[in-house]
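Below is my_file_12.txt, which holds compact mmCIF, C-alpha atoms and all ligand atoms.
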# COMPACT_ATOMS: atom_id res chain seq x y z
CA MET A 1 -47.69 -43.94 28.59
CA ASN A 2 -45.50 -46.69 27.20
CA THR A 3 -42.27 -44.71 26.90
CA PHE A 4 -39.67 -44.19 29.61
CA GLY A 5 -36.80 -41.69 29.76
CA ARG A 6 -35.90 -38.50 27.91
CA HIS A 7 -32.39 -39.05 26.56
CA PHE A 8 -32.29 -42.87 26.42
CA ARG A 9 -35.96 -43.35 25.49
CA VAL A 10 -37.45 -46.81 25.84
CA THR A 11 -40.84 -47.81 24.47
CA THR A 12 -42.06 -51.30 25.29
CA PHE A 13 -44.75 -53.05 23.27
CA GLY A 14 -46.72 -56.26 23.25
CA GLU A 15 -49.10 -58.25 25.42
CA SER A 16 -48.52 -61.33 27.56
CA HIS A 17 -50.50 -63.53 25.15
CA GLY A 18 -49.79 -61.70 21.90
CA PRO A 19 -47.25 -62.98 19.35
CA ALA A 20 -44.31 -61.09 20.88
CA ILE A 21 -43.18 -58.40 23.28
CA GLY A 22 -40.27 -56.05 22.83
CA ALA A 23 -38.65 -52.66 23.23
CA VAL A 24 -37.55 -49.80 21.00
CA ILE A 25 -34.66 -47.73 22.33
CA ASP A 26 -34.02 -44.29 20.91
CA GLY A 27 -30.93 -42.38 22.00
CA CYS A 28 -28.43 -45.18 22.51
CA PRO A 29 -24.98 -43.76 21.72
CA ALA A 30 -23.46 -44.86 18.40
CA GLY A 31 -20.37 -47.02 18.04
CA MET A 32 -20.97 -49.31 21.01
CA PRO A 33 -20.38 -53.02 20.35
CA LEU A 34 -23.73 -54.80 20.84
CA SER A 35 -25.17 -58.22 20.07
CA GLU A 36 -27.91 -60.46 21.42
CA ALA A 37 -25.26 -62.11 23.62
CA ASP A 38 -24.99 -58.86 25.61
CA ILE A 39 -28.71 -58.90 26.40
CA GLN A 40 -29.59 -62.59 26.74
CA PRO A 41 -27.92 -63.35 30.12
CA MET A 42 -30.02 -60.74 31.92
CA LEU A 43 -33.18 -62.02 30.24
CA ASP A 44 -32.26 -65.55 31.32
CA ARG A 45 -32.11 -64.36 34.93
CA ARG A 46 -35.68 -63.00 34.65
CA ARG A 47 -37.19 -65.83 32.61
CA PRO A 48 -40.12 -67.79 34.12
CA GLY A 49 -40.02 -71.56 34.43
CA GLY A 50 -37.73 -72.00 37.44
CA PRO A 51 -38.59 -74.12 40.48
CA LEU A 52 -40.04 -71.19 42.49
CA SER A 53 -41.61 -69.27 39.62
CA SER A 54 -44.47 -69.42 37.16
CA PRO A 55 -44.13 -72.67 35.16
CA ARG A 56 -44.85 -70.81 31.91
CA ALA A 57 -42.19 -72.19 29.56
CA GLU A 58 -40.78 -69.17 27.75
CA THR A 59 -37.36 -69.27 26.11
CA ASP A 60 -37.21 -65.45 26.05
CA ARG A 61 -34.75 -65.39 23.13
CA VAL A 62 -34.15 -61.79 22.13
CA GLU A 63 -33.50 -60.66 18.57
CA ILE A 64 -32.09 -57.26 17.58
CA LEU A 65 -34.07 -56.09 14.55
CA SER A 66 -32.46 -52.70 13.93
CA GLY A 67 -29.93 -50.15 15.13
CA VAL A 68 -26.80 -52.35 14.87
CA PHE A 69 -24.46 -52.47 11.87
CA GLU A 70 -21.40 -54.72 11.74
CA GLY A 71 -21.69 -55.37 15.48
CA LYS A 72 -21.92 -51.73 16.58
CA THR A 73 -24.83 -49.46 17.48
CA THR A 74 -25.56 -46.92 14.77
CA GLY A 75 -27.27 -44.28 16.92
CA THR A 76 -30.60 -45.07 15.22
CA PRO A 77 -33.51 -46.82 17.02
CA LEU A 78 -32.68 -50.22 18.42
CA ALA A 79 -35.63 -52.61 18.12
CA LEU A 80 -35.54 -55.69 20.36
CA ILE A 81 -38.11 -58.46 20.00
CA ILE A 82 -38.91 -61.46 22.21
CA PRO A 83 -41.50 -63.94 20.87
CA ASN A 84 -44.13 -65.38 23.24
CA ARG A 85 -43.95 -69.17 22.92
CA ASP A 86 -46.18 -70.65 25.62
CA VAL A 87 -49.39 -68.63 25.90
CA ARG A 88 -52.17 -71.28 26.24
CA SER A 89 -54.76 -68.49 26.18
CA HIS A 90 -57.81 -70.78 26.44
CA ASP A 91 -56.80 -71.64 30.00
CA TYR A 92 -57.87 -68.06 30.78
CA ASP A 93 -61.40 -68.21 29.30
CA ALA A 94 -62.97 -68.39 32.78
CA LEU A 95 -61.46 -64.99 33.59
CA ARG A 96 -62.99 -63.19 30.61
CA GLU A 97 -65.70 -61.57 32.71
CA VAL A 98 -64.29 -61.86 36.20
CA PHE A 99 -62.03 -59.35 37.94
CA ARG A 100 -59.10 -60.95 39.77
CA PRO A 101 -58.65 -59.39 43.22
CA GLY A 102 -55.31 -57.57 43.48
CA HIS A 103 -54.63 -57.58 39.72
CA ALA A 104 -55.20 -54.77 37.23
CA ASP A 105 -58.37 -56.29 35.68
CA TYR A 106 -60.87 -53.91 37.30
CA THR A 107 -58.86 -50.74 36.70
CA TYR A 108 -58.12 -51.57 33.03
CA TRP A 109 -61.84 -52.26 32.57
CA LYS A 110 -62.79 -48.94 34.16
CA LYS A 111 -60.19 -47.00 32.16
CA TYR A 112 -60.49 -48.58 28.71
CA GLY A 113 -63.93 -50.22 28.79
CA LEU A 114 -62.32 -53.45 27.60
CA ARG A 115 -59.47 -55.63 28.73
CA ASP A 116 -57.24 -58.43 27.49
CA HIS A 117 -58.13 -61.15 29.99
CA ARG A 118 -55.46 -63.51 28.58
CA GLY A 119 -52.89 -63.23 31.33
CA GLY A 120 -53.70 -59.54 31.81
CA GLY A 121 -52.34 -58.28 28.47
CA ARG A 122 -49.94 -55.44 29.16
CA SER A 123 -50.57 -55.45 32.90
CA SER A 124 -48.80 -58.81 33.03
CA GLY A 125 -45.37 -59.12 34.59
CA ARG A 126 -44.42 -60.55 31.19
CA GLU A 127 -43.98 -56.96 29.91
CA THR A 128 -40.98 -56.67 32.21
CA ALA A 129 -38.97 -58.94 29.89
CA ALA A 130 -38.95 -56.03 27.43
CA ARG A 131 -37.72 -53.63 30.13
CA VAL A 132 -34.98 -56.07 31.09
CA ALA A 133 -33.83 -56.29 27.46
CA ALA A 134 -33.64 -52.47 27.32
CA GLY A 135 -31.98 -52.38 30.73
CA ALA A 136 -29.30 -54.78 29.51
CA VAL A 137 -28.43 -52.32 26.73
CA ALA A 138 -28.36 -49.48 29.27
CA LEU A 139 -25.99 -51.56 31.38
CA ARG A 140 -23.63 -51.94 28.41
CA VAL A 141 -23.50 -48.13 28.15
CA LEU A 142 -22.93 -47.81 31.91
CA GLU A 143 -20.25 -50.52 31.99
CA ARG A 144 -18.16 -48.43 29.61
CA GLU A 145 -18.37 -45.62 32.20
CA GLY A 146 -17.31 -47.92 35.07
CA ILE A 147 -20.84 -48.07 36.52
CA SER A 148 -22.32 -51.39 37.69
CA VAL A 149 -25.76 -52.32 39.04
CA SER A 150 -26.67 -55.29 41.24
CA GLY A 151 -29.69 -56.51 43.17
CA ALA A 152 -30.66 -59.07 45.79
CA VAL A 153 -33.69 -60.36 47.69
CA LEU A 154 -33.40 -59.20 51.31
CA SER A 155 -36.43 -60.98 52.74
CA VAL A 156 -39.49 -63.03 51.88
CA ARG A 157 -42.58 -62.57 54.03
CA GLY A 158 -40.36 -61.05 56.74
CA GLU A 159 -37.93 -64.00 56.69
CA SER A 160 -34.38 -62.77 56.01
CA ASP A 161 -32.52 -66.11 56.02
CA PRO A 162 -32.09 -66.95 52.29
CA ASP A 163 -31.95 -70.65 53.16
CA ARG A 164 -35.54 -70.36 54.42
CA PHE A 165 -36.98 -68.49 51.39
CA ALA A 166 -37.96 -71.66 49.52
CA VAL A 167 -39.63 -73.16 52.62
CA VAL A 168 -41.69 -70.02 53.25
CA ILE A 169 -42.73 -69.80 49.59
CA ARG A 170 -43.63 -73.49 49.24
CA GLU A 171 -45.67 -73.39 52.45
CA ALA A 172 -47.82 -70.53 51.14
CA GLN A 173 -48.06 -72.11 47.67
CA ALA A 174 -49.22 -75.42 49.12
CA ALA A 175 -52.02 -73.52 50.85
CA GLY A 176 -53.03 -71.93 47.52
CA ASP A 177 -51.55 -68.61 48.62
CA SER A 178 -48.58 -66.35 47.72
CA VAL A 179 -45.94 -64.22 49.49
CA GLY A 180 -44.21 -60.86 49.07
CA GLY A 181 -40.70 -59.70 49.83
CA ILE A 182 -38.13 -56.92 49.93
CA VAL A 183 -35.53 -56.43 47.20
CA GLU A 184 -32.50 -54.14 47.21
CA VAL A 185 -30.75 -52.64 44.18
CA ARG A 186 -27.44 -50.82 44.17
CA ALA A 187 -25.45 -48.87 41.61
CA ALA A 188 -21.71 -48.37 42.07
CA GLY A 189 -19.21 -46.19 40.21
CA ILE A 190 -21.64 -43.29 39.85
CA PRO A 191 -20.00 -39.91 39.33
CA ALA A 192 -21.12 -37.09 41.64
CA GLY A 193 -23.40 -34.58 39.94
CA LEU A 194 -26.02 -36.67 38.10
CA GLY A 195 -29.64 -35.57 38.44
CA SER A 196 -31.56 -32.34 38.64
CA PRO A 197 -31.88 -30.10 41.69
CA VAL A 198 -35.60 -29.33 41.74
CA PHE A 199 -37.80 -31.15 39.23
CA GLY A 200 -36.52 -34.49 37.99
CA LYS A 201 -34.47 -35.17 41.11
CA LEU A 202 -32.45 -38.35 40.76
CA ASP A 203 -34.04 -39.97 43.83
CA ALA A 204 -37.52 -39.04 42.58
CA ALA A 205 -36.72 -40.57 39.18
CA ILE A 206 -35.45 -43.76 40.83
CA ALA A 207 -38.55 -44.01 43.02
CA ALA A 208 -40.87 -43.51 40.03
CA ALA A 209 -38.99 -46.07 37.94
CA LEU A 210 -39.06 -48.72 40.65
CA MET A 211 -42.66 -48.02 41.63
CA GLY A 212 -43.50 -48.36 37.95
CA ILE A 213 -42.83 -52.09 38.15
CA GLY A 214 -45.99 -54.15 38.76
CA ALA A 215 -46.42 -55.41 42.34
CA VAL A 216 -44.05 -52.80 43.84
CA LYS A 217 -45.82 -51.06 46.70
CA GLY A 218 -43.03 -49.19 48.45
CA VAL A 219 -39.65 -47.64 47.63
CA GLU A 220 -36.97 -46.33 49.95
CA ILE A 221 -33.58 -44.81 49.20
CA GLY A 222 -30.65 -45.09 51.57
CA GLU A 223 -31.90 -45.04 55.16
CA GLY A 224 -35.43 -44.59 53.77
CA PHE A 225 -38.24 -44.99 56.30
CA GLY A 226 -35.63 -45.82 58.94
CA ALA A 227 -34.35 -42.20 58.75
CA ALA A 228 -37.55 -40.99 60.39
CA ALA A 229 -36.49 -42.66 63.66
CA LEU A 230 -32.87 -41.41 63.66
CA LEU A 231 -31.24 -38.28 65.10
CA GLY A 232 -29.69 -35.84 62.64
CA SER A 233 -26.29 -36.76 64.02
CA GLU A 234 -26.97 -40.41 63.22
CA ASN A 235 -28.44 -39.87 59.77
CA ASN A 236 -26.02 -37.28 58.36
CA ASP A 237 -23.14 -38.58 56.31
CA ALA A 238 -20.10 -36.81 57.77
CA MET A 239 -17.15 -36.16 55.44
CA ASP A 240 -13.41 -36.05 55.60
CA ALA A 241 -10.87 -35.33 52.88
CA THR A 242 -11.39 -38.81 51.41
CA GLY A 243 -15.16 -38.33 51.00
CA PHE A 244 -18.31 -39.49 52.82
CA LEU A 245 -17.79 -41.53 55.99
CA SER A 246 -21.19 -43.27 55.71
CA ASN A 247 -24.01 -43.52 53.15
CA HIS A 248 -27.35 -43.01 54.90
CA ALA A 249 -28.34 -40.81 51.95
CA GLY A 250 -28.16 -43.79 49.60
CA GLY A 251 -26.03 -41.86 47.12
CA VAL A 252 -28.31 -38.86 46.50
CA LEU A 253 -28.48 -35.43 48.17
CA GLY A 254 -30.64 -32.59 46.85
CA GLY A 255 -31.70 -34.76 43.91
CA ILE A 256 -28.06 -35.05 42.74
CA SER A 257 -25.74 -38.05 43.00
CA THR A 258 -23.08 -37.77 45.72
CA GLY A 259 -20.69 -40.22 44.05
CA ALA A 260 -21.41 -42.83 46.74
CA GLU A 261 -23.23 -46.06 45.92
CA ILE A 262 -26.92 -45.59 45.08
CA VAL A 263 -28.97 -47.87 47.32
CA ALA A 264 -32.72 -48.42 46.93
CA ARG A 265 -35.12 -50.99 48.36
CA ILE A 266 -38.56 -52.00 47.14
CA ALA A 267 -41.47 -53.70 48.87
CA VAL A 268 -43.00 -56.30 46.56
CA LYS A 269 -46.55 -57.41 47.32
CA PRO A 270 -47.67 -61.04 47.33
CA THR A 271 -48.75 -62.29 43.89
CA PRO A 272 -52.40 -61.33 43.38
CA SER A 273 -53.42 -64.45 41.40
CA ILE A 274 -53.89 -67.17 44.02
CA ALA A 275 -55.65 -70.52 44.05
CA LEU A 276 -57.58 -69.80 47.26
CA SER A 277 -61.20 -68.86 46.75
CA GLN A 278 -61.84 -65.09 46.93
CA ARG A 279 -64.89 -62.84 46.63
CA THR A 280 -65.10 -60.62 43.56
CA VAL A 281 -67.52 -59.27 40.95
CA ASP A 282 -67.87 -59.75 37.20
CA THR A 283 -68.22 -57.21 34.39
CA ALA A 284 -72.01 -57.18 34.92
CA GLY A 285 -71.53 -56.32 38.59
CA ARG A 286 -72.65 -59.75 39.83
CA GLU A 287 -70.98 -61.12 42.95
CA ARG A 288 -68.76 -64.11 42.21
CA GLU A 289 -66.27 -66.43 43.87
CA VAL A 290 -62.97 -66.86 42.03
CA SER A 291 -60.18 -69.35 42.52
CA ILE A 292 -57.43 -68.61 40.01
CA ARG A 293 -55.91 -71.41 37.97
CA GLY A 294 -53.06 -70.96 35.54
CA ARG A 295 -49.37 -70.41 35.94
CA HIS A 296 -48.40 -67.92 38.57
CA ASP A 297 -45.35 -66.84 40.51
CA PRO A 298 -45.72 -67.79 44.17
CA CYS A 299 -43.31 -64.95 45.05
CA ILE A 300 -42.75 -62.07 42.62
CA ALA A 301 -39.87 -60.69 44.75
CA LEU A 302 -37.64 -63.54 43.50
CA ARG A 303 -38.34 -62.66 39.88
CA ILE A 304 -38.18 -58.91 40.17
CA VAL A 305 -34.44 -58.55 40.89
CA PRO A 306 -33.27 -58.18 37.24
CA VAL A 307 -36.29 -55.97 36.53
CA ALA A 308 -35.35 -53.58 39.35
CA GLU A 309 -31.73 -53.61 38.15
CA ALA A 310 -32.94 -52.76 34.64
CA MET A 311 -35.07 -49.84 35.85
CA LEU A 312 -32.23 -48.43 37.96
CA ALA A 313 -29.86 -48.75 34.99
CA LEU A 314 -32.36 -46.93 32.75
CA VAL A 315 -32.66 -44.02 35.20
CA ILE A 316 -28.89 -43.71 35.55
CA VAL A 317 -28.15 -43.91 31.82
CA ASP A 318 -30.80 -41.25 31.23
CA ALA A 319 -29.23 -38.98 33.86
CA LEU A 320 -25.76 -39.63 32.44
CA LEU A 321 -26.81 -38.75 28.89
CA GLU A 322 -28.60 -35.65 30.18
CA GLU A 323 -25.38 -34.61 31.88
CA ARG A 324 -23.51 -35.09 28.58
CA ALA A 325 -26.10 -32.94 26.78
CA TYR A 326 -25.37 -30.02 29.13
CA ALA A 327 -21.63 -30.70 29.54
CA VAL A 328 -19.31 -27.70 29.53
CA ASN A 329 -17.05 -27.84 26.50
CA ASP A 330 -13.65 -27.41 28.14
CA ALA A 331 -11.98 -27.00 24.74
CA SER A 332 -13.98 -23.85 23.99
CA GLY A 333 -12.07 -21.86 26.58
CA LEU A 334 -15.33 -20.20 27.73
C1 LIG B 1 -41.77 -60.15 37.16
C2 LIG B 1 -43.23 -60.12 37.57
C3 LIG B 1 -43.93 -61.30 37.61
C4 LIG B 1 -45.27 -61.29 37.99
N1 LIG B 1 -45.96 -62.47 38.03
C5 LIG B 1 -47.28 -62.47 38.37
C6 LIG B 1 -48.02 -63.69 38.36
O1 LIG B 1 -47.52 -64.75 38.06
N2 LIG B 1 -49.33 -63.61 38.70
C7 LIG B 1 -49.94 -62.43 39.06
O2 LIG B 1 -51.10 -62.43 39.37
N3 LIG B 1 -49.24 -61.28 39.09
C8 LIG B 1 -47.94 -61.27 38.76
N4 LIG B 1 -47.24 -60.09 38.74
C9 LIG B 1 -47.87 -58.88 39.31
C10 LIG B 1 -48.91 -58.23 38.46
O3 LIG B 1 -48.41 -58.02 37.16
C11 LIG B 1 -49.32 -56.91 39.14
O4 LIG B 1 -49.62 -57.13 40.48
C12 LIG B 1 -50.53 -56.32 38.45
O5 LIG B 1 -50.15 -55.81 37.19
C13 LIG B 1 -51.16 -55.19 39.25
O6 LIG B 1 -50.27 -54.11 39.39
P1 LIG B 1 -49.87 -53.54 40.82
O7 LIG B 1 -49.63 -54.73 41.69
O8 LIG B 1 -48.61 -52.77 40.58
O9 LIG B 1 -50.99 -52.70 41.30
C14 LIG B 1 -45.90 -60.07 38.35
C15 LIG B 1 -45.17 -58.88 38.29
C16 LIG B 1 -43.84 -58.90 37.90
C17 LIG B 1 -43.08 -57.61 37.87
C1 LIG B 2 -45.14 -64.80 31.64
C2 LIG B 2 -44.54 -64.26 32.65
O1 LIG B 2 -45.08 -64.05 33.88
C3 LIG B 2 -46.46 -64.05 33.99
C4 LIG B 2 -46.83 -62.86 34.82
C5 LIG B 2 -48.26 -62.88 35.17
C6 LIG B 2 -48.87 -61.63 35.65
O2 LIG B 2 -50.09 -61.65 35.89
O3 LIG B 2 -48.18 -60.63 35.86
C7 LIG B 2 -49.00 -64.04 35.11
C8 LIG B 2 -48.46 -65.27 34.51
O4 LIG B 2 -48.73 -65.25 33.14
P1 LIG B 2 -49.68 -66.33 32.46
O5 LIG B 2 -50.85 -66.40 33.37
O6 LIG B 2 -49.97 -65.81 31.13
O7 LIG B 2 -48.84 -67.55 32.43
C9 LIG B 2 -46.96 -65.34 34.61
O8 LIG B 2 -46.49 -66.47 33.93
C10 LIG B 2 -43.16 -63.79 32.56
O9 LIG B 2 -42.71 -63.23 33.57
O10 LIG B 2 -42.53 -63.94 31.51

Represent the structure contained in this file as structure tokens.
Ligand SMILES: Cc1cc2nc3c(=O)[nH]c(=O)nc-3n(C[C@H](O)[C@H](O)[C@H](O)COP(=O)(O)O)c2cc1C
Ligand SMILES: C=C(O[C@@H]1CC(C(=O)O)=C[C@@H](OP(=O)(O)O)[C@H]1O)C(=O)O
Amino acid sequence: MNTFGRHFRVTTFGESHGPAIGAVIDGCPAGMPLSEADIQPMLDRRRPGGPLSSPRAETDRVEILSGVFEGKTTGTPLALIIPNRDVRSHDYDALREVFRPGHADYTYWKKYGLRDHRGGGRSSGRETAARVAAGAVALRVLEREGISVSGAVLSVRGESDPDRFAVVIREAQAAGDSVGGIVEVRAAGIPAGLGSPVFGKLDAAIAAALMGIGAVKGVEIGEGFGAAALLGSENNDAMDATGFLSNHAGGVLGGISTGAEIVARIAVKPTPSIALSQRTVDTAGREREVSIRGRHDPCIALRIVPVAEAMLALVIVDALLEERAYAVNDASGL
């Protein structure tokens, strides 16, 4: 499955070491001003090449190929393309027959009987550039509705002082290792009433979207796992005439938005590709030792923030457009 959403449908395409990656969006409302300049800043936030990320030098320049006429969306499919500029695929020859522990090599091999060993093909975090491009378009739609999305790294390997993140990451990297972290995403300005009551609950859709990002191993909404240790009187969000007095629910009750901020957190695992020697097997089932070279993120949590924002934006825009599809026509008098 390479398509996400029902009303604002996003298909991503491309491999990490292919000529390009990109996204096709079907269902974007017509008449919205849109240019590459609306998408590029979010892609720049995700781009590799920073001091604490993979040194792969990608410019990640997006081009809109279709769906915009005279600066406005036409309501027809938007095609966004991002060329891959720095693949260096031969650096990955040693991995052709070896499964990297913690990566998707073994499962792709078992499922498809072949695999693109050059940076993992579509299992690469590189694919998330395409999601971010689509998410940036979703955010343009949401902005016009007064909805905003933001994200932040809460901790790295249990350390919650942002001034210590770089130290913790560099320490692990120097030892040939990697670290994980926790990231929070929020959406504000959400109207009450988005989502479905039974199947397709808004919180379920958010969890699936966030868990659908590589390296995400846990999702919680609002109080999340912490709610299990609270009393009902502590966890309930009491109300007065002005609205909710707290937001333990994280903005969703019964699968439907409450109108309060949506708050979700994700647990991001340590980067699987590490320089330390690890035991594995090859495609012939022989036992091997592997020490992974190449360009890898020492801490994916730092890079995942715009990706998580993009996925949350895609869920919300989809729920918003679904709501519009079923909206009562007040003018009809029915
Ligand atoms: C933005 C981003 C960057 C990533 N960078 C790397 C990386 O440099 N090296 C690596 O081994 N995995 C990296 N990953 C993680 C793998 O893509 C992921 O662990 C792999 O596909 C297996 O999927 P799973 O962890 O969800 O089971 C990255 C993921 C994301 C979302
Ligand atoms: C290229 C990106 O991240 C990549 C994600 C990734 C992985 O295994 O997920 C492995 C590395 O790719 P390669 O080994 O081909 O350099 C990262 O650089 C990107 O985020 O744009």

With 6 Å as the cut-off and all atoms listed in the file counted, what is the closest atom pair between each nearby residue of chain A and ligand LIG 1 (chain B)? Distances in Å to one decimal, ordered by chain and number, as a Markdown table.
| residue | atom | partner | partner_atom | distance |
| --- | --- | --- | --- | --- |
| A:Ser54 | CA | B:LIG1 | O1 | 5.6 |
| A:His103 | CA | B:LIG1 | C13 | 4.2 |
| A:Ala104 | CA | B:LIG1 | C13 | 4.5 |
| A:Ser123 | CA | B:LIG1 | O5 | 4.3 |
| A:Ser124 | CA | B:LIG1 | O3 | 4.2 |
| A:Gly125 | CA | B:LIG1 | C16 | 3.7 |
| A:Ile213 | CA | B:LIG1 | C17 | 5.5 |
| A:Gly214 | CA | B:LIG1 | O8 | 3.5 |
| A:Ala215 | CA | B:LIG1 | O7 | 3.3 |
| A:Val216 | CA | B:LIG1 | O8 | 5.6 |
| A:Thr271 | CA | B:LIG1 | N3 | 4.9 |
| A:Pro272 | CA | B:LIG1 | O2 | 4.4 |
| A:Ser273 | CA | B:LIG1 | O2 | 3.7 |
| A:His296 | CA | B:LIG1 | O1 | 3.3 |
| A:Asp297 | CA | B:LIG1 | O1 | 3.9 |
| A:Ile300 | CA | B:LIG1 | C3 | 5.2 |
| A:Arg303 | CA | B:LIG1 | C1 | 5.0 |
| A:Ile304 | CA | B:LIG1 | C1 | 4.8 |

Restricting the calculation to only C-alpha atoms: of A:Val153, A:Ala275, A:Ala264, A:Ile21, which residue gets closest to Ala301 of chain A? A:Val153

Name the residues within 10 Å of (-43.9, -63.7, 19.6), counting all atoms listed in the file in the file's coordinates, and put them as a compact mmCIF listing (two decimals) with C-alpha atoms, in the coordinates of the input.
# COMPACT_ATOMS: atom_id res chain seq x y z
CA GLY A 14 -46.72 -56.26 23.25
CA GLU A 15 -49.10 -58.25 25.42
CA SER A 16 -48.52 -61.33 27.56
CA HIS A 17 -50.50 -63.53 25.15
CA GLY A 18 -49.79 -61.70 21.90
CA PRO A 19 -47.25 -62.98 19.35
CA ALA A 20 -44.31 -61.09 20.88
CA ILE A 21 -43.18 -58.40 23.28
CA GLY A 22 -40.27 -56.05 22.83
CA ASP A 60 -37.21 -65.45 26.05
CA ARG A 61 -34.75 -65.39 23.13
CA ILE A 81 -38.11 -58.46 20.00
CA ILE A 82 -38.91 -61.46 22.21
CA PRO A 83 -41.50 -63.94 20.87
CA ASN A 84 -44.13 -65.38 23.24
CA ARG A 85 -43.95 -69.17 22.92
CA ASP A 86 -46.18 -70.65 25.62
CA VAL A 87 -49.39 -68.63 25.90

Between A:Asp177, A:Glu70, A:Asp91, A:Glu223, which one has atoms that come closest to ligand LIG 2 (chain B), using only C-alpha atoms and all ligand atoms?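 Smallest distance to ligand LIG 2 (chain B) is found for A:Asp91.
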
Between atom C1 of ligand LIG 2 (chain B) and atom CA of Arg265 of chain A, what distance in Å does the model show, to one decimal?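 Spanning atom C1 of ligand LIG 2 (chain B) to atom CA of Arg265 of chain A is a straight-line distance of 23.9 Å.
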
For a quick check of understanding, using only C-alpha atoms, which of A:Ala284, A:Leu230, A:Ile39, A:Val198 has the smallest distance to Leu139 of chain A?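 Among A:Ala284, A:Leu230, A:Ile39, A:Val198, it is A:Ile39 that comes nearest to Leu139 of chain A.
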
Rounded to one decimal, what separation in Å do you get between atom CA of Asp26 of chain A and atom CA of Glu58 of chain A?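 Atom-to-atom, atom CA of Asp26 of chain A and atom CA of Glu58 of chain A are spaced 26.7 Å apart.
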
Using all atoms listed in the file, determine which residues lie at most 12 Å from segment 113-115 of chain A, disregarding the query and same-chain residues fewer than 3 positions distant; provide the list as a list in words.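 The neighbour list is Glu15, Leu95, Arg96, Glu97, Val98, Phe99, Ala104, Asp105, Tyr106, Thr107, Tyr108, Trp109, Lys110, Arg118, Gly119, Gly120, Gly121, Arg122, Ser123, Ser124 and Thr283 of chain A.
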
What's around segment 231-247 of chain A at 9 Å? Count only C-alpha atoms, leave out sequence neighbours fewer than 5 positions away in its own chain, and write the answer as a JSON list (two decimals) with C-alpha atoms, keeping the file's coordinate frame.
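File written: result-v4.json
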[["chain", "number", "residue", "atom", "x", "y", "z"],
["A", 222, "GLY", "CA", -30.65, -45.09, 51.57],
["A", 223, "GLU", "CA", -31.90, -45.04, 55.16],
["A", 258, "THR", "CA", -23.08, -37.77, 45.72],
["A", 260, "ALA", "CA", -21.41, -42.83, 46.74],
["A", 261, "GLU", "CA", -23.23, -46.06, 45.92],
["A", 262, "ILE", "CA", -26.92, -45.59, 45.08],
["A", 263, "VAL", "CA", -28.97, -47.87, 47.32]]
